[in-house]
$ cat start.txt   # compact mmCIF, C-alpha atoms
# COMPACT_ATOMS: atom_id res chain seq x y z
CA MET A 264 -1.24 -1.06 28.11
CA PHE A 265 -4.25 -2.61 26.37
CA PRO A 266 -6.68 0.16 27.46
CA ILE A 267 -4.44 2.79 25.83
CA TYR A 268 -4.13 0.64 22.69
CA LYS A 269 -7.92 0.26 22.62
CA LYS A 270 -8.42 4.00 23.15
CA GLU A 271 -6.10 4.78 20.25
CA LEU A 272 -7.91 2.37 17.95
CA GLN A 273 -11.23 3.91 18.92
CA SER A 274 -9.87 7.35 18.04
CA PHE A 275 -9.18 5.96 14.57
CA PHE A 276 -12.12 3.65 13.88
CA TYR A 277 -14.91 5.41 15.80
CA THR A 278 -14.32 8.43 13.55
CA PRO A 279 -14.03 8.65 9.75
CA PHE A 280 -10.25 9.21 10.11
CA ALA A 281 -8.97 5.66 9.48
CA TYR A 282 -11.54 5.00 6.76
CA ILE A 283 -10.67 8.19 4.88
CA ILE A 284 -6.95 7.38 4.95
CA ALA A 285 -7.62 3.78 3.88
CA ALA A 286 -9.95 4.99 1.10
CA LEU A 287 -7.34 7.45 -0.17
CA PHE A 288 -4.69 4.74 -0.21
CA MET A 289 -6.99 2.27 -1.98
CA LEU A 290 -7.82 4.95 -4.55
CA LEU A 291 -4.13 5.55 -5.22
CA PHE A 292 -3.32 1.83 -5.25
CA THR A 293 -6.19 1.14 -7.67
CA TYR A 294 -4.98 3.96 -9.89
CA MET A 295 -1.51 2.41 -9.99
CA ILE A 296 -2.92 -1.05 -10.75
CA GLY A 297 -5.00 0.44 -13.57
CA GLY A 298 -1.98 2.33 -14.89
CA ALA A 299 0.13 -0.84 -14.87
CA ILE A 300 -2.52 -2.76 -16.80
CA SER A 301 -3.09 0.06 -19.30
CA ASN A 302 0.63 0.20 -20.05
CA ILE A 303 0.78 -3.44 -21.02
CA GLU A 304 1.33 -3.90 -24.71
CA SER A 305 -1.17 -5.93 -26.68
CA THR A 306 0.07 -9.51 -26.16
CA ASN A 307 -1.48 -12.91 -25.57
CA THR A 308 -0.55 -12.80 -21.87
CA LEU A 309 -1.12 -9.92 -19.51
CA LYS A 310 1.83 -9.41 -17.20
CA PHE A 311 2.55 -6.88 -14.51
CA SER A 312 4.37 -7.01 -11.21
CA PHE A 313 2.70 -6.44 -7.86
CA VAL A 314 6.11 -6.05 -6.24
CA GLU A 315 6.96 -3.12 -8.52
CA ILE A 316 3.65 -1.50 -7.63
CA PHE A 317 4.46 -1.86 -3.93
CA TYR A 318 7.82 -0.22 -4.52
CA ASN A 319 6.22 2.72 -6.33
CA VAL A 320 3.40 3.08 -3.82
CA THR A 321 5.85 4.06 -1.07
CA LEU A 322 5.81 7.60 -2.47
CA TYR A 323 2.08 7.84 -1.75
CA PHE A 324 2.51 6.35 1.72
CA ILE A 325 4.86 9.23 2.51
CA PHE A 326 1.87 11.57 2.12
CA LEU A 327 -0.45 9.42 4.25
CA ILE A 328 1.72 8.21 7.15
CA PRO A 329 2.40 11.69 8.63
CA ILE A 330 -1.36 12.36 8.51
CA MET A 331 -1.92 9.09 10.36
CA THR A 332 0.71 9.74 13.06
CA MET A 333 0.37 13.52 13.47
CA ARG A 334 -2.17 13.25 16.29
CA THR A 335 -0.33 10.56 18.27
CA PHE A 336 1.16 12.88 20.91
CA ALA A 337 0.44 16.36 19.52
CA ASP A 338 -3.31 16.14 20.24
CA GLU A 339 -2.67 14.71 23.71
CA ARG A 340 -0.67 17.84 24.51
CA LYS A 341 -3.05 20.21 22.74
CA PHE A 342 -6.20 19.01 24.55
CA GLY A 343 -4.53 18.53 27.92
CA THR A 344 -4.98 14.75 28.05
CA GLU A 345 -1.21 14.29 28.15
CA VAL A 346 -1.35 15.09 31.89
CA LEU A 347 -3.68 12.13 32.47
CA LEU A 348 -1.32 9.85 30.56
CA MET A 349 1.76 11.09 32.38
CA THR A 350 0.14 10.64 35.80
CA SER A 351 -1.34 7.22 35.02
CA PRO A 352 0.19 4.06 36.51
CA VAL A 353 1.17 2.96 33.00
CA SER A 354 4.84 3.53 32.17
CA VAL A 355 5.91 5.86 29.37
CA LEU A 356 7.35 2.90 27.49
CA LYS A 357 3.99 1.13 27.50
CA ILE A 358 2.27 4.33 26.36
CA VAL A 359 4.65 4.68 23.42
CA LEU A 360 4.31 1.00 22.48
CA SER A 361 0.51 1.11 22.77
CA LYS A 362 0.29 4.05 20.40
CA PHE A 363 2.79 2.42 18.04
CA PHE A 364 0.83 -0.83 17.87
CA ALA A 365 -2.40 1.10 17.32
CA ASN A 366 -0.86 2.91 14.34
CA ILE A 367 0.51 -0.40 13.06
CA THR A 368 -2.99 -1.90 13.28
CA VAL A 369 -4.38 0.92 11.14
CA PHE A 370 -1.51 0.42 8.68
CA LEU A 371 -2.34 -3.31 8.44
CA PHE A 372 -5.98 -2.37 7.90
CA MET A 373 -4.89 -0.28 4.91
CA LEU A 374 -2.71 -3.07 3.52
CA ALA A 375 -5.48 -5.66 3.97
CA GLY A 376 -7.59 -3.84 1.41
CA THR A 377 -4.96 -4.40 -1.27
CA LEU A 378 -5.31 -8.20 -0.97
CA ILE A 379 -8.34 -8.03 -3.24
CA PHE A 380 -6.11 -7.37 -6.25
CA PRO A 381 -3.84 -10.46 -6.04
CA ILE A 382 -6.91 -12.56 -5.16
CA ILE A 383 -8.72 -11.44 -8.31
CA THR A 384 -5.53 -11.89 -10.33
CA SER A 385 -5.00 -15.42 -9.01
CA ILE A 386 -8.55 -16.34 -10.06
CA ASN A 387 -8.00 -15.09 -13.61
CA GLY A 388 -4.25 -15.66 -13.94
CA THR A 389 -1.11 -16.48 -11.98
CA VAL A 390 0.41 -14.77 -8.98
CA ILE A 391 3.95 -15.55 -7.79
CA ILE A 392 3.13 -16.05 -4.12
CA SER A 393 6.73 -15.94 -2.86
CA GLN A 394 7.36 -12.53 -4.44
CA LEU A 395 4.02 -11.23 -3.17
CA ILE A 396 4.83 -12.33 0.40
CA CYS A 397 8.23 -10.61 0.17
CA ALA A 398 6.55 -7.43 -1.04
CA TYR A 399 4.09 -7.43 1.88
CA ILE A 400 6.85 -8.12 4.42
CA GLY A 401 8.91 -5.32 2.91
CA ILE A 402 6.11 -2.74 2.85
CA PHE A 403 5.18 -3.65 6.44
CA ALA A 404 8.78 -3.22 7.67
CA TRP A 405 9.12 0.01 5.68
CA GLY A 406 5.82 1.33 7.05
CA ALA A 407 6.70 0.42 10.64
CA MET A 408 9.91 2.45 10.37
CA PHE A 409 8.15 5.55 9.06
CA ILE A 410 5.30 5.23 11.57
CA SER A 411 7.82 5.25 14.42
CA LEU A 412 9.48 8.27 12.80
CA GLY A 413 6.13 10.06 12.53
CA MET A 414 5.43 9.37 16.19
CA LEU A 415 8.79 10.87 17.11
CA VAL A 416 7.98 14.07 15.22
CA SER A 417 4.53 14.22 16.86
CA SER A 418 6.14 14.05 20.31
CA PHE A 419 7.93 17.37 19.72
CA THR A 420 4.89 19.61 19.18
CA ASP A 421 1.34 20.29 20.34
CA ASN A 422 0.17 21.17 16.82
CA SER A 423 -0.86 18.19 14.71
CA ILE A 424 -0.64 20.19 11.47
CA ILE A 425 2.96 21.13 12.21
CA ALA A 426 3.64 17.48 13.09
CA ALA A 427 2.25 16.42 9.71
CA ILE A 428 4.21 19.04 7.73
CA VAL A 429 7.51 18.39 9.53
CA GLY A 430 6.86 14.65 9.25
CA GLU A 431 6.40 14.97 5.49
CA ILE A 432 9.66 16.90 5.14
CA VAL A 433 11.67 14.48 7.29
CA MET A 434 10.21 11.40 5.62
CA PHE A 435 10.88 12.75 2.15
CA ALA A 436 14.47 13.41 3.21
CA VAL A 437 14.79 9.81 4.39
CA LEU A 438 13.03 8.50 1.27
CA PHE A 439 15.44 10.22 -1.10
CA LEU A 440 18.56 9.81 1.03
CA ASP A 441 20.06 7.36 -1.47
CA ASP A 442 19.49 9.80 -4.35
CA PHE A 443 21.20 12.52 -2.34
CA ALA A 444 24.08 10.15 -1.57
CA ASN A 445 24.47 9.46 -5.30
CA SER A 446 24.42 13.14 -6.27
CA ALA A 447 27.42 14.65 -8.03
CA PHE A 448 28.33 16.79 -5.02
CA ILE A 449 28.28 13.99 -2.44
CA SER A 450 30.07 11.66 -4.84
CA GLN A 451 33.15 13.82 -4.35
CA PHE A 452 33.28 12.58 -0.74
CA PRO A 453 33.24 8.76 -0.84
CA LYS A 454 33.26 8.33 2.95
CA VAL A 455 30.30 10.65 3.41
CA GLN A 456 28.52 8.93 0.55
CA SER A 457 29.03 5.49 2.08
CA VAL A 458 27.70 6.68 5.46
CA LEU A 459 24.59 8.24 3.90
CA TYR A 460 23.97 5.20 1.77
CA ALA A 461 24.24 2.94 4.84
CA PHE A 462 21.25 4.78 6.34
CA ALA A 463 19.19 4.81 3.12
CA ALA A 464 15.97 2.79 3.36
CA GLN A 465 14.87 2.64 -0.27
CA PRO A 466 17.74 0.46 -1.59
CA ARG A 467 16.94 -2.04 1.16
CA PHE A 468 13.24 -1.98 0.41
CA ALA A 469 14.10 -2.51 -3.27
CA TYR A 470 15.26 -6.05 -2.46
CA PHE A 471 11.87 -6.86 -0.94
CA SER A 472 10.14 -5.41 -4.00
CA GLN A 473 12.25 -7.73 -6.17
CA GLY A 474 11.15 -10.77 -4.18
CA PHE A 475 14.18 -11.17 -1.90
CA ILE A 476 14.40 -11.20 1.88
CA ARG A 477 17.78 -10.40 3.40
CA LEU A 478 18.41 -10.64 7.13
CA SER A 479 20.47 -7.43 7.02
CA ASP A 480 17.50 -5.50 5.63
CA LEU A 481 15.13 -6.85 8.29
CA VAL A 482 17.66 -5.92 10.97
CA PHE A 483 17.97 -2.42 9.48
CA PHE A 484 14.23 -1.72 9.61
CA LEU A 485 13.84 -3.30 13.05
CA SER A 486 16.78 -1.28 14.37
CA ALA A 487 15.33 1.93 12.92
CA VAL A 488 11.98 1.25 14.62
CA ILE A 489 13.68 0.62 17.97
CA VAL A 490 15.82 3.77 17.68
CA PHE A 491 12.89 6.04 16.74
CA LEU A 492 10.68 4.58 19.49
CA ALA A 493 13.53 4.98 21.99
CA TRP A 494 13.90 8.65 21.01
CA THR A 495 10.14 9.07 21.35
CA TYR A 496 10.29 7.52 24.80
CA ILE A 497 13.13 9.89 25.80
CA SER A 498 11.19 12.89 24.44
CA ILE A 499 8.04 12.01 26.41
CA GLU A 500 9.96 11.01 29.53
CA LYS A 501 11.81 14.32 29.47
CA ARG A 502 8.51 16.23 29.35
CA ARG A 503 7.26 14.08 32.21
CA TRP A 504 10.20 15.02 34.42
CA ASN A 505 10.06 18.68 33.41
CA ARG A 506 6.44 18.69 34.41
CA GLY A 507 7.61 17.66 37.87

$ encode --input "start.txt" --output "structure tokens"
Amino acid sequence: MFPIYKKELQSFFYTPFAYIIAALFMLLFTYMIGGAISNIESTNTLKFSFVEIFYNVTLYFIFLIPIMTMRTFADERKFGTEVLLMTSPVSVLKIVLSKFFANITVFLFMLAGTLIFPIITSINGTVIISQLICAYIGIFAWGAMFISLGMLVSSFTDNSIIAAIVGEIVMFAVLFLDDFANSAFISQFPKVQSVLYAFAAQPRFAYFSQGFIRLSDLVFFLSAVIVFLAWTYISIEKRRWNRG
């Protein structure tokens, strides 16, 4: 399992890929920090919320996560290395988990860069640590769910570009599921609305961004990760059996 995890990390960090994604995210995050500061009215105390910035930054992550996960299985199939994986002594489950943990490591690498902002703020002002920790836990859980979803999409195709485009579409649908549930049309069907809202991720992430941790929200994100990884496992295992 570890050799596959190591190989995946090398595919990220031995090329400019991970650094470009991290740089893009840091550029967007810095832009949002600058925008939050510039919008502060002229007062004796400068105040802005990191947790609100984390909530708003999820929109930008939706553009970056499919790019990060698009190659997970699509490139293996495209370049013929999937055969080597499928015939290796490592189980499909370990292959899926290795790739998932590699993507999670890259995601943590991206998040680690944002620590510079609360550190600088704490030197020159005050940071509410408890809210900041909640925000990081929330964005990690949120990111893990969408990474597992991106991996699932990548397992369906041998074209990484298609995996990225379809991933973007699916993730945007999930991101705005609560808005769709609250639309005038869906509001006419309360039962349908309640079902859609139960699967909406953003309202649950909103609690983290407000500085709250609820067990039900952690269970939701963990369950979503397990379900998407299970579907990915089934998708790869099916191809393995079809290959004979």

$ closest_residue --input "start.txt" --among "A:Ile410, A:Leu356, A:Val437, A:Ile424" --to "Lys341 of chain A" --atoms "only C-alpha atoms"
A:Ile424

$ residues_around --input "start.txt" --residues "segment 316-331 of chain A" --least-positions-apart "2" --cutoff "10 Å" --atoms "all atoms listed in the file" --output "count of residues only"
59

$ closest_residue --input "start.txt" --among "A:Met408, A:Thr384, A:Met373, A:Ile283" --to "Ile489 of chain A" --atoms "all atoms listed in the file"
A:Met408

$ atom_distance --input "start.txt" --atom1 "atom CA of Leu481 of chain A" --atom2 "atom CA of Ala444 of chain A"
21.6 Å

$ closest_residue --input "start.txt" --among "A:Phe265, A:Phe276, A:Phe484, A:Phe448" --to "Phe462 of chain A" --atoms "all atoms listed in the file"
A:Phe484

$ residues_around --input "start.txt" --residues "Pro381 of chain A" --least-positions-apart "4" --cutoff "10 Å" --atoms "only C-alpha atoms" --output "number ranges by chain"
A: 313, 377, 385-392, 395

$ residues_around --input "start.txt" --residues "segment 492-494 of chain A" --least-positions-apart "4" --cutoff "7 Å" --atoms "only C-alpha atoms" --output "PyMOL selection string"
chain A and resi 411+415+488+498
